[in-house]
Amino acid sequence: MSAESTEQRKMVRVGTRKSQLAMIQTNSVVASLKKLCHDVDFDIISMSTTGDKILDTALSKIGEKSLFTKELEKALDDGRVDFVVHSLKDLQSTLPPNMVIGAVLEREDPYDAVLMHPKHATKHLADLPENSVIGTSSVRRVAQLKRKYPHLKFESVRGNLNTRLRKLDEGEMYSALVLAAAGVKRMNWDSRISQTLLPDECLYAVGQGALAVEVRANDFDTLTLVSKLNHEETLLRCVAERALLRELEAGCSTPVAVYTEIKGKELYMTGAVLSLDGSECLKETMQTTLSDTQPQQDTSSADLQHYVSVVAQTVSHQAMKAAEDLGIDMAKLLISKGAGDILSVARQQNAEGEKK
């Protein structure tokens, strides 16, 4: 390669968490971009977040927002990195004013997976003895699984995936873990999955299984670069899911669960709000029709449209608006049936837990 061509190459700095899973995810995004952009080099900059550092407290009881994103967003804001790769479920439904999601990649398996202790390797949750302890850091999973499997107990388990798996295999406390199937599969641990929890057992988290690329809203060059990664179906489903979460004013400390599916031009959504103990559950299903009109092509405008902080020049804005409206309408329906009261009690209970 000549010196001249080397000088013309652009360097893009990519922010990510330090965990093995985060690095796998970020490397996969960079590899995809390298195939599409032959004149760009990438420098991956990893860092620890608040959520990575506080490992002795359940996520729902820490009380701070943006547990796995704050430090990364600071680096993005001050220009140390040009974009950040996240698990979409870690991102708040409302981003800082100068940040947007510039790409949503094709979704991996969005469901939850059960990983059994070796002594229970051939079992499912229904087969476990009375009072067996299941490890999970998600109030959403606990609330739903308590309804389905009342004979089991649920305890928080923290740490990266390697740490959690070691706690399962080397200890006697947990009979099984419940983890996002996407992370398990990205770690190539498919063989450890004893059971996949389908929607009749456990609806998944908003954005679960999808990767998102966060960019400064005024960085039109980077927006154009990462927009090549958008997966339209995943993006539309996740816009609807994020709109539901935003309208409910909910977060990771409240049991909100979803299932979305696109069939033809129809986007279907099932949304649920539960009490922390699972004794109350509101669940509804709605649908909307997605438009075929042409996407917006210009990313050089300061008026670039975004929907729950997602921008996509390659996707129909009418379709994105329909998806966002579906999530908002679902939230309003759930609120009309009492979801606001259920979430208020859950927030209060979490706040009391923080003080203990």
# chains A, B, ... in the order shown; residues from 1 in each chain; ligands from 1
>>> residues_around(residues="Lys228 of chain A", least_positions_apart="6", cutoff="9 Å", atoms="only C-alpha atoms", output="JSON, numbers by chain")
{"A": [33, 36, 103, 314]}
>>> residues_around(residues="Lys167 of chain A", least_positions_apart="2", cutoff="12 Å", atoms="only C-alpha atoms", output="PDB file with N, CA and C atoms, in the first residue's frame")
ATOM      1  N   LEU A 115     -29.871 -22.342  31.901  1.00  0.00           N
ATOM      2  CA  LEU A 115     -28.635 -23.126  31.974  1.00  0.00           C
ATOM      3  C   LEU A 115     -28.645 -23.859  33.310  1.00  0.00           C
ATOM      4  N   MET A 116     -28.638 -25.177  33.272  1.00  0.00           N
ATOM      5  CA  MET A 116     -28.762 -25.986  34.482  1.00  0.00           C
ATOM      6  C   MET A 116     -27.405 -26.277  35.120  1.00  0.00           C
ATOM      7  N   HIS A 117     -27.418 -26.434  36.448  1.00  0.00           N
ATOM      8  CA  HIS A 117     -26.261 -26.992  37.150  1.00  0.00           C
ATOM      9  C   HIS A 117     -26.006 -28.383  36.559  1.00  0.00           C
ATOM     10  N   PRO A 118     -24.736 -28.783  36.433  1.00  0.00           N
ATOM     11  CA  PRO A 118     -24.433 -30.092  35.832  1.00  0.00           C
ATOM     12  C   PRO A 118     -25.234 -31.250  36.415  1.00  0.00           C
ATOM     13  N   ILE A 134     -33.020 -20.406  41.570  1.00  0.00           N
ATOM     14  CA  ILE A 134     -32.700 -20.010  40.205  1.00  0.00           C
ATOM     15  C   ILE A 134     -32.034 -18.639  40.249  1.00  0.00           C
ATOM     16  N   GLY A 135     -30.886 -18.510  39.613  1.00  0.00           N
ATOM     17  CA  GLY A 135     -30.150 -17.250  39.616  1.00  0.00           C
ATOM     18  C   GLY A 135     -30.499 -16.398  38.404  1.00  0.00           C
ATOM     19  N   THR A 136     -30.901 -15.162  38.657  1.00  0.00           N
ATOM     20  CA  THR A 136     -31.136 -14.188  37.587  1.00  0.00           C
ATOM     21  C   THR A 136     -31.112 -12.795  38.185  1.00  0.00           C
ATOM     22  N   SER A 156     -30.712 -13.123  43.110  1.00  0.00           N
ATOM     23  CA  SER A 156     -29.881 -12.341  42.200  1.00  0.00           C
ATOM     24  C   SER A 156     -28.527 -13.010  42.007  1.00  0.00           C
ATOM     25  N   VAL A 157     -28.004 -12.913  40.791  1.00  0.00           N
ATOM     26  CA  VAL A 157     -26.640 -13.371  40.516  1.00  0.00           C
ATOM     27  C   VAL A 157     -25.998 -12.329  39.617  1.00  0.00           C
ATOM     28  N   ARG A 158     -24.853 -11.809  40.042  1.00  0.00           N
ATOM     29  CA  ARG A 158     -24.195 -10.729  39.320  1.00  0.00           C
ATOM     30  C   ARG A 158     -22.845 -11.182  38.785  1.00  0.00           C
ATOM     31  N   GLY A 159     -22.238 -10.313  37.978  1.00  0.00           N
ATOM     32  CA  GLY A 159     -20.949 -10.608  37.361  1.00  0.00           C
ATOM     33  C   GLY A 159     -21.115 -10.815  35.874  1.00  0.00           C
ATOM     34  N   ASN A 160     -19.977 -10.869  35.157  1.00  0.00           N
ATOM     35  CA  ASN A 160     -20.064 -11.129  33.724  1.00  0.00           C
ATOM     36  C   ASN A 160     -20.503 -12.580  33.509  1.00  0.00           C
ATOM     37  N   LEU A 161     -20.753 -12.950  32.261  1.00  0.00           N
ATOM     38  CA  LEU A 161     -21.298 -14.285  32.000  1.00  0.00           C
ATOM     39  C   LEU A 161     -20.370 -15.397  32.473  1.00  0.00           C
ATOM     40  N   ASN A 162     -19.062 -15.205  32.309  1.00  0.00           N
ATOM     41  CA  ASN A 162     -18.113 -16.219  32.779  1.00  0.00           C
ATOM     42  C   ASN A 162     -18.217 -16.406  34.290  1.00  0.00           C
ATOM     43  N   THR A 163     -18.323 -15.293  35.011  1.00  0.00           N
ATOM     44  CA  THR A 163     -18.423 -15.349  36.469  1.00  0.00           C
ATOM     45  C   THR A 163     -19.700 -16.043  36.896  1.00  0.00           C
ATOM     46  N   ARG A 164     -20.815 -15.699  36.237  1.00  0.00           N
ATOM     47  CA  ARG A 164     -22.093 -16.303  36.611  1.00  0.00           C
ATOM     48  C   ARG A 164     -22.110 -17.804  36.338  1.00  0.00           C
ATOM     49  N   LEU A 165     -21.531 -18.197  35.218  1.00  0.00           N
ATOM     50  CA  LEU A 165     -21.505 -19.627  34.906  1.00  0.00           C
ATOM     51  C   LEU A 165     -20.637 -20.379  35.909  1.00  0.00           C
ATOM     52  N   ASP A 169     -21.714 -23.588  38.208  1.00  0.00           N
ATOM     53  CA  ASP A 169     -21.073 -24.898  38.075  1.00  0.00           C
ATOM     54  C   ASP A 169     -20.279 -25.312  39.301  1.00  0.00           C
ATOM     55  N   GLU A 170     -19.621 -24.341  39.969  1.00  0.00           N
ATOM     56  CA  GLU A 170     -18.706 -24.675  41.063  1.00  0.00           C
ATOM     57  C   GLU A 170     -19.347 -24.559  42.437  1.00  0.00           C
ATOM     58  N   GLY A 171     -20.554 -23.983  42.499  1.00  0.00           N
ATOM     59  CA  GLY A 171     -21.216 -23.815  43.786  1.00  0.00           C
ATOM     60  C   GLY A 171     -22.412 -24.734  43.928  1.00  0.00           C
ATOM     61  N   GLU A 172     -23.057 -24.644  45.082  1.00  0.00           N
ATOM     62  CA  GLU A 172     -24.242 -25.458  45.348  1.00  0.00           C
ATOM     63  C   GLU A 172     -25.483 -24.592  45.550  1.00  0.00           C
ATOM     64  N   MET A 173     -25.342 -23.266  45.419  1.00  0.00           N
ATOM     65  CA  MET A 173     -26.472 -22.374  45.694  1.00  0.00           C
ATOM     66  C   MET A 173     -27.528 -22.440  44.605  1.00  0.00           C
ATOM     67  N   TYR A 174     -27.070 -22.376  43.346  1.00  0.00           N
ATOM     68  CA  TYR A 174     -28.007 -22.264  42.227  1.00  0.00           C
ATOM     69  C   TYR A 174     -28.215 -23.608  41.540  1.00  0.00           C
ATOM     70  N   SER A 175     -29.485 -23.929  41.285  1.00  0.00           N
ATOM     71  CA  SER A 175     -29.807 -25.111  40.488  1.00  0.00           C
ATOM     72  C   SER A 175     -29.781 -24.794  39.003  1.00  0.00           C
ATOM     73  N   ALA A 176     -29.994 -23.505  38.679  1.00  0.00           N
ATOM     74  CA  ALA A 176     -29.989 -23.088  37.276  1.00  0.00           C
ATOM     75  C   ALA A 176     -29.829 -21.580  37.210  1.00  0.00           C
ATOM     76  N   LEU A 177     -29.420 -21.104  36.057  1.00  0.00           N
ATOM     77  CA  LEU A 177     -29.401 -19.672  35.754  1.00  0.00           C
ATOM     78  C   LEU A 177     -30.378 -19.416  34.607  1.00  0.00           C
TER      79      LEU A 177
END
>>> closest_residue(among="A:Val142, A:Val258, A:Met47, A:Val310", to="Leu235 of chain A", atoms="only C-alpha atoms")
A:Val310
>>> atom_distance(atom1="atom CA of Ser32 of chain A", atom2="atom CA of Leu290 of chain A")
27.6 Å
>>> atom_distance(atom1="atom CA of Ser309 of chain A", atom2="atom CA of Ile262 of chain A")
21.2 Å
>>> select_by_dssp(residues="segment 23-205 of chain A", states="strand (DSSP E or B)", output="number ranges by chain")
A: 40-47, 83-87, 99-104, 112-116, 133-135, 153-155, 176-180, 193-197, 204
>>> select_by_dssp(residues="segment 123-199 of chain A", states="alpha helix (DSSP H)", output="list in words")
Val139, Arg140, Arg141, Val142, Ala143, Gln144, Leu145, Lys146, Arg147, Lys148, Leu161, Asn162, Thr163, Arg164, Leu165, Arg166, Lys167, Leu168, Asp169, Glu170, Ala181, Ala182, Gly183, Val184, Lys185 and Arg186 of chain A
>>> closest_residue(among="A:Glu247, A:Glu284, A:Glu233, A:Asp329", to="Thr270 of chain A", atoms="only C-alpha atoms")
A:Glu284
>>> residues_around(residues="Arg13 of chain A", least_positions_apart="3", cutoff="8 Å", atoms="only C-alpha atoms", output="PyMOL selection string")
chain A and resi 42-45+80-83
